[in-house]
Amino acid sequence: MTARLTATGLRVVRSGRTVLEVDRLEVHEGEVLGIIGPNGAGKSTLLQALALLERPASGEIAFEGAPVRGRELAYRRRMAVVFQDPLLLDGGVEHNVTLGLRLRGVPAKERRARARRWLERFGVAGLAGRHVRALSGGEAQRVSLARAFALEPEVLFLDEPFSSLDAPTREALLSDLDGVLRETRTATVFVTHDRDEALRLSDRVAVLMAGRVRQVGPAWEVFAAPADGEVAAFVGVETVVPGRVAGVSDGLARVAVGEGITVWAPAPPVPAAEVLVCLRPENVAIAPAGEPAEAGSVRNRLPGTVVRVVPAGFQARVELDCGFRLSALITGQSLRELALRPGDRVTAAFKATAVHLIPHAR
Amino acid sequence: MTARLTATGLRVVRSGRTVLEVDRLEVHEGEVLGIIGPNGAGKSTLLQALALLERPASGEIAFEGAPVRGRELAYRRRMAVVFQDPLLLDGGVEHNVTLGLRLRGVPAKERRARARRWLERFGVAGLAGRHVRALSGGEAQRVSLARAFALEPEVLFLDEPFSSLDAPTREALLSDLDGVLRETRTATVFVTHDRDEALRLSDRVAVLMAGRVRQVGPAWEVFAAPADGEVAAFVGVETVVPGRVAGVSDGLARVAVGEGITVWAPAPPVPAAEVLVCLRPENVAIAPAGEPAEAGSVRNRLPGTVVRVVPAGFQARVELDCGFRLSALITGQSLRELALRPGDRVTAAFKATAVHLIPHAR
Amino acid sequence: GGGGPDRDELILATTTSTMDSGLLDVLIPAFEEESGYRVTPVAVGSGQALELGRRGEADVLLVHAPEAEERFMAEGHGVDRRLVMHNDFVIVGPPEDPAGARAAAATREVLSRIAAAGARFISRGDDSGTHQLERALWQAAGIDPEGEAWYVVSGQGMGATLGVANERRGYTLTDRATYLALRDRLDLEILHQGDPVLRNVYHVIQVDPSKNDRVNAEGAQAFAEFLVGERAQEIIGEFGRDRFGEPLFTPDAGKDEADLR
Amino acid sequence: MDLIWDGLRQSFWLLVRGDARVYEIMLRSLLASGAATLLALLIGVPAGTFLALRRFPGRALVLSAVHSGMGLPPVVVGLVLSVLFWRTGPLGDLGLLYTVRAIVIAQTVIATPIVTGFTVAGIQALDPRLRLQILALGASRLQLLWLLLKEARLPLMAAVIAAFGAVISEVGAAIQVGSIIRGETELLTTATVLATQRGDFGLAFALSVILLALVFCVNAVFTLIQQRGPRP
Amino acid sequence: MDLIWDGLRQSFWLLVRGDARVYEIMLRSLLASGAATLLALLIGVPAGTFLALRRFPGRALVLSAVHSGMGLPPVVVGLVLSVLFWRTGPLGDLGLLYTVRAIVIAQTVIATPIVTGFTVAGIQALDPRLRLQILALGASRLQLLWLLLKEARLPLMAAVIAAFGAVISEVGAAIQVGSIIRGETELLTTATVLATQRGDFGLAFALSVILLALVFCVNAVFTLIQQRGPRP
Ligand SMILES: Nc1ncnc2c1ncn2[C@@H]1O[C@H](COP(=O)(O)OP(=O)(O)OP(=O)(O)O)[C@@H](O)[C@H]1O
Ligand SMILES: Nc1ncnc2c1ncn2[C@@H]1O[C@H](COP(=O)(O)OP(=O)(O)OP(=O)(O)O)[C@@H](O)[C@H]1O
Ligand SMILES: [Mg+2]
Ligand SMILES: [Mg+2]
């Protein structure tokens, strides 16, 4: 099946600097492609180029296989964009939400009905008559969302669309939109800084860094099996330590980390001697020293010392010294029960499958 | 000790609508006051009024006990604000960051030094010469932060200051700023939609709804012991069910919920018969039916059926029917181990201290 | 007329004074009614009027700059030049008359006194007929006022120049009609009048049609003949009587040029 | 000062008595300047938008030229157009000289740089991302232009007001290309000049007052359009 | 058309030969119009900012009046000021009539509404939150004004250009209050008018060309200031 949108050899230059260089990227019907990456990586630029808002220095974009060049307007009318900033036009809320439909020649009645439907969905139906300058930040973002969704596009671009929404609304929308997008088979490109959002909404995730796609794959894979050390650090794999594969058997690799410490991990697809051992803090459990941390398939049990406990909202980040620096994220409840303090001796436990090995050239 | 900033009888009217009405609010030296609330609640309005940017319809603001009226400029120069939108002035990045200092007559050398220091701290020192229109969203927000911090104010107002930052940067800043603010004894008012941020950075949290402060107290208290059902829902207490106190002994209340279900909870300070039983999903553990969920002080063990499992990033939200609707948040790891499916019979376990009772008039 | 539709059109280049006095507002409708031509009056300085004639941009001229007119005719730009009417000029100035102009009999003497006293004199300086006459008068008096501190150029029409004279307390040469119209607002008096050299003689000139194929020779001829005809002459003789109690112009058609000097 | 009162009184009577000639002159002034302003908009707005959004070599030069056009002396415009429109001039065949059409053209020449210059400034002052947002909503080139202009409404309406004001109050060019032909090309301003020259200051003031009143009424409408919509 | 070439040639020679009178007139024009523009800025910018930021009853009326002022016919301004400055007029004692100072005053009256009107539009078109941001940075009232003006630089510079252009190209008022006194109040425009009236079209064109060149140079500087700074 041809992708709904394909970008090939895309390069965008701004003030002489190449800010984006993407060899190939596809978005399929009914798919949500998450884009994550550091500030200034080029995410918004990528969105703008894909949305045919900016003519790239080179490269081509094809809509269902057909190059768009020369017929941008027609294709642009099958897309919608929610920008990072709401960018509402001077006028009323309803004016803004119906505008795109008016530009497409949709009859007034239909326009109003759609505007009402989507304003309601985003919880701002009561503001339809309000002037856009009299909106709060979050209200403006909701109007901007309604404006894009009212177009009922085939391709939808969302640039950090929930950043100003209050927590319950964001929560509700995340569940809600997931359904809507899948139902309408919309191809969605979704930029976010929130790992939870990326994981919950995206089918595939692309990691953009310094203008280049560093990894693209199923959402869970990007977070669990980052392609390199930088991506690993970015997606929240807090423990990234060099190791050496001492042996492989039954698909499991025995990795030597530091002085006499062994970590079990799934063998990398490409045999490699030098690797980076990656471990998400969410996947590490902590038990008092000696006590079995958890029953079952927990292959890795490393004794260690608590170095630091950092409360992180409802959870806490515990940094351990197990011969190497290891980070674990535990629930507030566990923290209270374990009553961890720096210097306490504990056991860190994690499954072999929670570990990801990146082949690594020294 | 007098508070650094005190607002009394504050009322702000916009286009004839009263959008803010705060009887009394204080911010102390060295304290971070978090402000949370739904979109349009009046958080930004409150900030603007406290920052002396908007003359309220009525009310008074005092700086260290002295009313500010008539001497706004002098006091404004002891404050700094990071707005919800970066609002950078036309010109270069450095120009923006040094501007506030220039307005205060700080010598050029000192200005440049401070600008450099703070731009570096926010990771945008390389952009000092860039025009502000050539910044990405997150870069602009960092510059806006540097601009406010460079003023080294006595009162700092932050309106969703991290909303556009990438996750690692936000994470690093949260730890970093906490230290800076405490060290400099800055009084900070901090608006956020991120519960984690609120909990991590704030000493006290105020919940604003429809222009009124609904609860203000220590951060953990607001999240654990919300003042009413609406606040409870807003701060993420997903289980809120009516119950009746059947008896109190040893500071523990026995609460009858629904048909023959008993929940143990700390007795409310004010004796009440009708209560709302509040429970955060983070505090509920799930075990296969029959098996002891956890050892120790877990007083409440309710049998139930899995209704729905919603993956939520690295965690999963499990909705149970225990005679009433009960929501639990478990780690992705637990989810995989328990392999929960709708219809599975399980035991929900939570401590008595995790339950909060709100006196409730039917 | 005849030929194309533009043959009905006739461009009359004339001096601002005829336009300002309102005489054209009476004469033109009368002519249009009688002949069927449509006249476009262009009121400019005499210099500009003659220049427009020279370029064939006007068909007929009604001007009062005798010397320039004669040069114009000598150079062959016009085909016929006929006497139409005259009005007269006066020299006005502040009642206190610092130069003693009142006492002088001849215009030449008046100017000499003004120059001798260094009293301020306001010139229109716009090459209009009035300005040209003024220059001729200075020349006759043997004085070159250009560049003198007391010689002020207003660069404007007669009304405004009178205003400047009033403000700057200077003398100026003006046609009687404009002075009469403004008399009430001015603190200036007629200090000298009656010298035959102060006559302001208007001629009508038909522009040489061989200049370009646009010049409307028949129309020009018709207009010139109308002006020297009985009806126009009568209108001219009556014009202004109702407003000032005396006519502003004297009809002169058919008179000998020399009689007016 | 009595002159001014006199003028006010006289203007009042001119209007109340319903002097047909005065009304005719008013209407002609209004139509000529309105047409010129409209033409200036039709030329200046697209040109200005182009200059605002496109970067090309020599742009600063063109912009300086446009800005200089704002300082084009009406007298010079009148002179140059006269020379062009002269019967023997390159455009003589059109027979435009001493017609209202010539006046409209002269005034268009005067108004166009004003409209162009302020369109450039107004559009450039907009957030550049608005352009992307509007395109993203599916706007065609023309729709984009229209929506951008609506966003730049405030400076643009000011430009329209300034352009209209400049041309309706201008005499230098109108007199030269239109002369002051009663019933044909007489305008409020040129009639005022004539009255002044005749020394009829009362009428001159009366006509000025009428002109000002007219300009005020037109501008009140423009101002309402400009300031429409709530601004907090 | 030959006239236009003639004018160009003549203007070239006037400048190259270094005709002292021409340079003197140029300088006077530049100084008078420069002074008038400066005065108009000093009055119009604070007034415009006030009108832009404050809401008060009658504001729309005041704004309409300002906008009408943009259409104030120079002839009328000249007439009214003349009446005021007449020796018998209320301000006669100042002895201003037919001096350069009178011209500067008249031109200031003409330029001020233009500057005011565009200041209002320029400031109003800014994001209203910018005002709060600037205040939050610790700006005093004056600093706020200055920074807002910098933000509204584009339309404001256009306004300065328009105002300067309007007054340096204007004749109606200058002639009436200043006359054309050689060595005293002669300006480029009034000298052009004079040359036109004399039928000396060549000189008229030459002076126009010089005026345009002058305006172009001044505006090139303004345009550079306006367009300074990178705009993506
Ligand atoms: N000019 C105005 N006229 C009427 N209502 C206004 C005006 N400006 C703001 N409001 C309303 O005031 C309320 C408070 O706005 P405010 O910006 O303080 O909200 P907020 O709590 O910061 O919201 P958010 O989380 O979306 O940023 C909102 O309901 C908004 O709609
Ligand atoms: N006009 C410009 N000139 C030079 N560089 C520019 C220009 N505009 C943007 N950039 C740079 O292009 C890069 C990509 O910007 P973009 O807005 O796409 O980043 P982003 O990934 O969306 O970042 P964020 O997460 O902060 O929104 C940034 O480094 C930015 O500084
Ligand atoms: Mg971005
Ligand atoms: Mg807000």
# chains A, B, ... in the order shown; residues from 1 in each chain; ligands from 1
>>> residues_near_ligand(ligand="ligand 2", cutoff="10 Å", atoms="only C-alpha atoms and all ligand atoms", output="number ranges by chain")
A: 12-20, 35-49, 83-85, 159-160, 191-193, 208-211; B: 124, 126-127, 130-142, 164-167; E: 230-232
>>> select_by_dssp(residues="range 24-190 of chain D", states="alpha helix (DSSP H)", output="ChimeraX atom specification")
/D:24-53,59-69,74-85,100-124,128-136,141-151,153-168,172-178,188-190
>>> atom_distance(atom1="CA of Val109 in chain D", atom2="CA of Ala60 in chain D")
20.7 Å
>>> residues_around(residues="range 218-225 of chain E", least_positions_apart="5", cutoff="7 Å", atoms="only C-alpha atoms", output="list in words")
Ser64, His67 and Ser68 of chain D; Met157 and Ile161 of chain E
>>> interface_residues(of="chain A", to="chain D", cutoff="10 Å", atoms="only C-alpha atoms", output="MDAnalysis selection string")
chainID A and resid 48 51:54 72:83 85:92 96:104 130:134 147:148 151 157
>>> interface_residues(of="chain D", to="chain C", cutoff="7 Å", atoms="only C-alpha atoms", output="ChimeraX atom specification")
/D:86-87,179,181,194,197-199
>>> write_last_selection(atoms="C-alpha atoms", output="PDB file, in the first residue's frame")
ATOM      1  CA  TRP D  86      -0.804  67.326 -23.834  1.00  0.00           C
ATOM      2  CA  ARG D  87      -2.376  67.058 -27.236  1.00  0.00           C
ATOM      3  CA  SER D 179      -8.102  73.058 -14.681  1.00  0.00           C
ATOM      4  CA  ILE D 181     -13.924  74.132 -15.348  1.00  0.00           C
ATOM      5  CA  LEU D 194     -10.317  80.185  -6.858  1.00  0.00           C
ATOM      6  CA  GLN D 197      -7.636  84.206  -5.329  1.00  0.00           C
ATOM      7  CA  ARG D 198     -10.731  86.236  -5.902  1.00  0.00           C
ATOM      8  CA  GLY D 199     -10.339  87.420  -2.381  1.00  0.00           C
TER       9      GLY D 199
END
>>> residues_around(residues="Phe72 in chain C", least_positions_apart="2", cutoff="10 Å", atoms="only C-alpha atoms", output="PyMOL selection string")
chain C and resi 50-51+53-54+66-70+74-78+205+207
>>> closest_residue(among="B:Ala253, B:Val307, B:Ser163, B:Ile261", to="ligand 3", atoms="only C-alpha atoms and all ligand atoms")
B:Ser163
>>> residues_around(residues="range 113-125 of chain D", least_positions_apart="3", cutoff="7 Å", atoms="only C-alpha atoms", output="count of residues only")
24
>>> decode(residues="range 17-106 of chain E", atoms="C-alpha atoms", output="PDB file, in the first residue's frame")
ATOM      1  CA  ARG E  17      27.622  74.010 -11.366  1.00  0.00           C
ATOM      2  CA  GLY E  18      26.919  74.367  -7.687  1.00  0.00           C
ATOM      3  CA  ASP E  19      24.316  77.063  -8.106  1.00  0.00           C
ATOM      4  CA  ALA E  20      24.425  78.631  -4.651  1.00  0.00           C
ATOM      5  CA  ARG E  21      20.778  79.625  -4.789  1.00  0.00           C
ATOM      6  CA  VAL E  22      19.656  76.112  -5.601  1.00  0.00           C
ATOM      7  CA  TYR E  23      21.671  74.683  -2.742  1.00  0.00           C
ATOM      8  CA  GLU E  24      20.328  77.302  -0.405  1.00  0.00           C
ATOM      9  CA  ILE E  25      16.760  76.452  -1.407  1.00  0.00           C
ATOM     10  CA  MET E  26      17.423  72.743  -1.027  1.00  0.00           C
ATOM     11  CA  LEU E  27      18.826  73.252   2.422  1.00  0.00           C
ATOM     12  CA  ARG E  28      15.927  75.438   3.477  1.00  0.00           C
ATOM     13  CA  SER E  29      13.395  72.910   2.221  1.00  0.00           C
ATOM     14  CA  LEU E  30      15.178  70.128   4.026  1.00  0.00           C
ATOM     15  CA  LEU E  31      15.494  72.021   7.288  1.00  0.00           C
ATOM     16  CA  ALA E  32      11.935  73.329   7.295  1.00  0.00           C
ATOM     17  CA  SER E  33      10.385  69.962   6.504  1.00  0.00           C
ATOM     18  CA  GLY E  34      12.787  68.156   8.806  1.00  0.00           C
ATOM     19  CA  ALA E  35      11.902  70.479  11.655  1.00  0.00           C
ATOM     20  CA  ALA E  36       8.198  70.110  10.953  1.00  0.00           C
ATOM     21  CA  THR E  37       8.476  66.312  10.875  1.00  0.00           C
ATOM     22  CA  LEU E  38      10.401  66.328  14.134  1.00  0.00           C
ATOM     23  CA  LEU E  39       7.829  68.544  15.799  1.00  0.00           C
ATOM     24  CA  ALA E  40       5.061  66.343  14.450  1.00  0.00           C
ATOM     25  CA  LEU E  41       6.807  63.325  15.989  1.00  0.00           C
ATOM     26  CA  LEU E  42       7.176  65.063  19.325  1.00  0.00           C
ATOM     27  CA  ILE E  43       3.460  65.784  19.396  1.00  0.00           C
ATOM     28  CA  GLY E  44       2.009  62.902  17.403  1.00  0.00           C
ATOM     29  CA  VAL E  45       3.831  59.961  18.933  1.00  0.00           C
ATOM     30  CA  PRO E  46       2.828  60.527  22.559  1.00  0.00           C
ATOM     31  CA  ALA E  47      -0.664  61.539  21.493  1.00  0.00           C
ATOM     32  CA  GLY E  48      -0.984  58.473  19.286  1.00  0.00           C
ATOM     33  CA  THR E  49       0.299  56.139  21.965  1.00  0.00           C
ATOM     34  CA  PHE E  50      -2.181  57.580  24.408  1.00  0.00           C
ATOM     35  CA  LEU E  51      -5.039  57.109  21.960  1.00  0.00           C
ATOM     36  CA  ALA E  52      -3.912  53.570  21.229  1.00  0.00           C
ATOM     37  CA  LEU E  53      -3.639  52.386  24.799  1.00  0.00           C
ATOM     38  CA  ARG E  54      -6.363  54.252  26.644  1.00  0.00           C
ATOM     39  CA  ARG E  55     -10.078  53.744  26.377  1.00  0.00           C
ATOM     40  CA  PHE E  56     -12.216  56.767  27.170  1.00  0.00           C
ATOM     41  CA  PRO E  57     -15.586  58.065  26.068  1.00  0.00           C
ATOM     42  CA  GLY E  58     -15.311  60.048  22.861  1.00  0.00           C
ATOM     43  CA  ARG E  59     -12.182  58.209  21.807  1.00  0.00           C
ATOM     44  CA  ALA E  60     -13.682  57.220  18.447  1.00  0.00           C
ATOM     45  CA  LEU E  61     -14.567  60.847  17.835  1.00  0.00           C
ATOM     46  CA  VAL E  62     -11.059  62.031  18.607  1.00  0.00           C
ATOM     47  CA  LEU E  63      -9.681  59.333  16.375  1.00  0.00           C
ATOM     48  CA  SER E  64     -11.982  60.359  13.535  1.00  0.00           C
ATOM     49  CA  ALA E  65     -10.803  63.911  14.012  1.00  0.00           C
ATOM     50  CA  VAL E  66      -7.182  62.819  13.838  1.00  0.00           C
ATOM     51  CA  HIS E  67      -7.916  60.827  10.734  1.00  0.00           C
ATOM     52  CA  SER E  68      -9.672  63.802   9.186  1.00  0.00           C
ATOM     53  CA  GLY E  69      -6.573  65.788  10.009  1.00  0.00           C
ATOM     54  CA  MET E  70      -4.734  63.518   7.600  1.00  0.00           C
ATOM     55  CA  GLY E  71      -6.985  65.005   4.965  1.00  0.00           C
ATOM     56  CA  LEU E  72      -6.516  68.571   6.111  1.00  0.00           C
ATOM     57  CA  PRO E  73      -6.107  70.462   2.841  1.00  0.00           C
ATOM     58  CA  PRO E  74      -2.807  72.346   2.985  1.00  0.00           C
ATOM     59  CA  VAL E  75      -4.607  75.258   1.392  1.00  0.00           C
ATOM     60  CA  VAL E  76      -7.000  75.397   4.299  1.00  0.00           C
ATOM     61  CA  VAL E  77      -4.192  75.098   6.811  1.00  0.00           C
ATOM     62  CA  GLY E  78      -2.433  77.932   5.026  1.00  0.00           C
ATOM     63  CA  LEU E  79      -5.576  80.020   4.985  1.00  0.00           C
ATOM     64  CA  VAL E  80      -6.423  79.521   8.646  1.00  0.00           C
ATOM     65  CA  LEU E  81      -2.873  80.115   9.791  1.00  0.00           C
ATOM     66  CA  SER E  82      -2.663  83.206   7.604  1.00  0.00           C
ATOM     67  CA  VAL E  83      -5.749  84.601   9.225  1.00  0.00           C
ATOM     68  CA  LEU E  84      -4.311  83.853  12.647  1.00  0.00           C
ATOM     69  CA  PHE E  85      -0.936  85.341  11.782  1.00  0.00           C
ATOM     70  CA  TRP E  86      -2.231  88.454  10.055  1.00  0.00           C
ATOM     71  CA  ARG E  87      -1.094  91.550  11.814  1.00  0.00           C
ATOM     72  CA  THR E  88      -4.666  92.180  12.778  1.00  0.00           C
ATOM     73  CA  GLY E  89      -5.131  88.524  13.645  1.00  0.00           C
ATOM     74  CA  PRO E  90      -4.930  87.055  17.152  1.00  0.00           C
ATOM     75  CA  LEU E  91      -1.303  85.994  16.722  1.00  0.00           C
ATOM     76  CA  GLY E  92      -0.277  88.959  14.616  1.00  0.00           C
ATOM     77  CA  ASP E  93       2.093  90.286  17.235  1.00  0.00           C
ATOM     78  CA  LEU E  94       4.426  87.370  16.761  1.00  0.00           C
ATOM     79  CA  GLY E  95       5.286  88.617  13.292  1.00  0.00           C
ATOM     80  CA  LEU E  96       5.362  85.082  11.936  1.00  0.00           C
ATOM     81  CA  LEU E  97       3.669  85.557   8.609  1.00  0.00           C
ATOM     82  CA  TYR E  98       5.907  85.146   5.579  1.00  0.00           C
ATOM     83  CA  THR E  99       8.745  83.646   7.564  1.00  0.00           C
ATOM     84  CA  VAL E 100      10.194  80.154   7.523  1.00  0.00           C
ATOM     85  CA  ARG E 101       8.918  79.671  11.046  1.00  0.00           C
ATOM     86  CA  ALA E 102       5.380  80.095   9.758  1.00  0.00           C
ATOM     87  CA  ILE E 103       6.082  77.465   7.128  1.00  0.00           C
ATOM     88  CA  VAL E 104       7.390  75.085   9.773  1.00  0.00           C
ATOM     89  CA  ILE E 105       4.282  75.648  11.849  1.00  0.00           C
ATOM     90  CA  ALA E 106       1.984  75.040   8.895  1.00  0.00           C
TER      91      ALA E 106
END
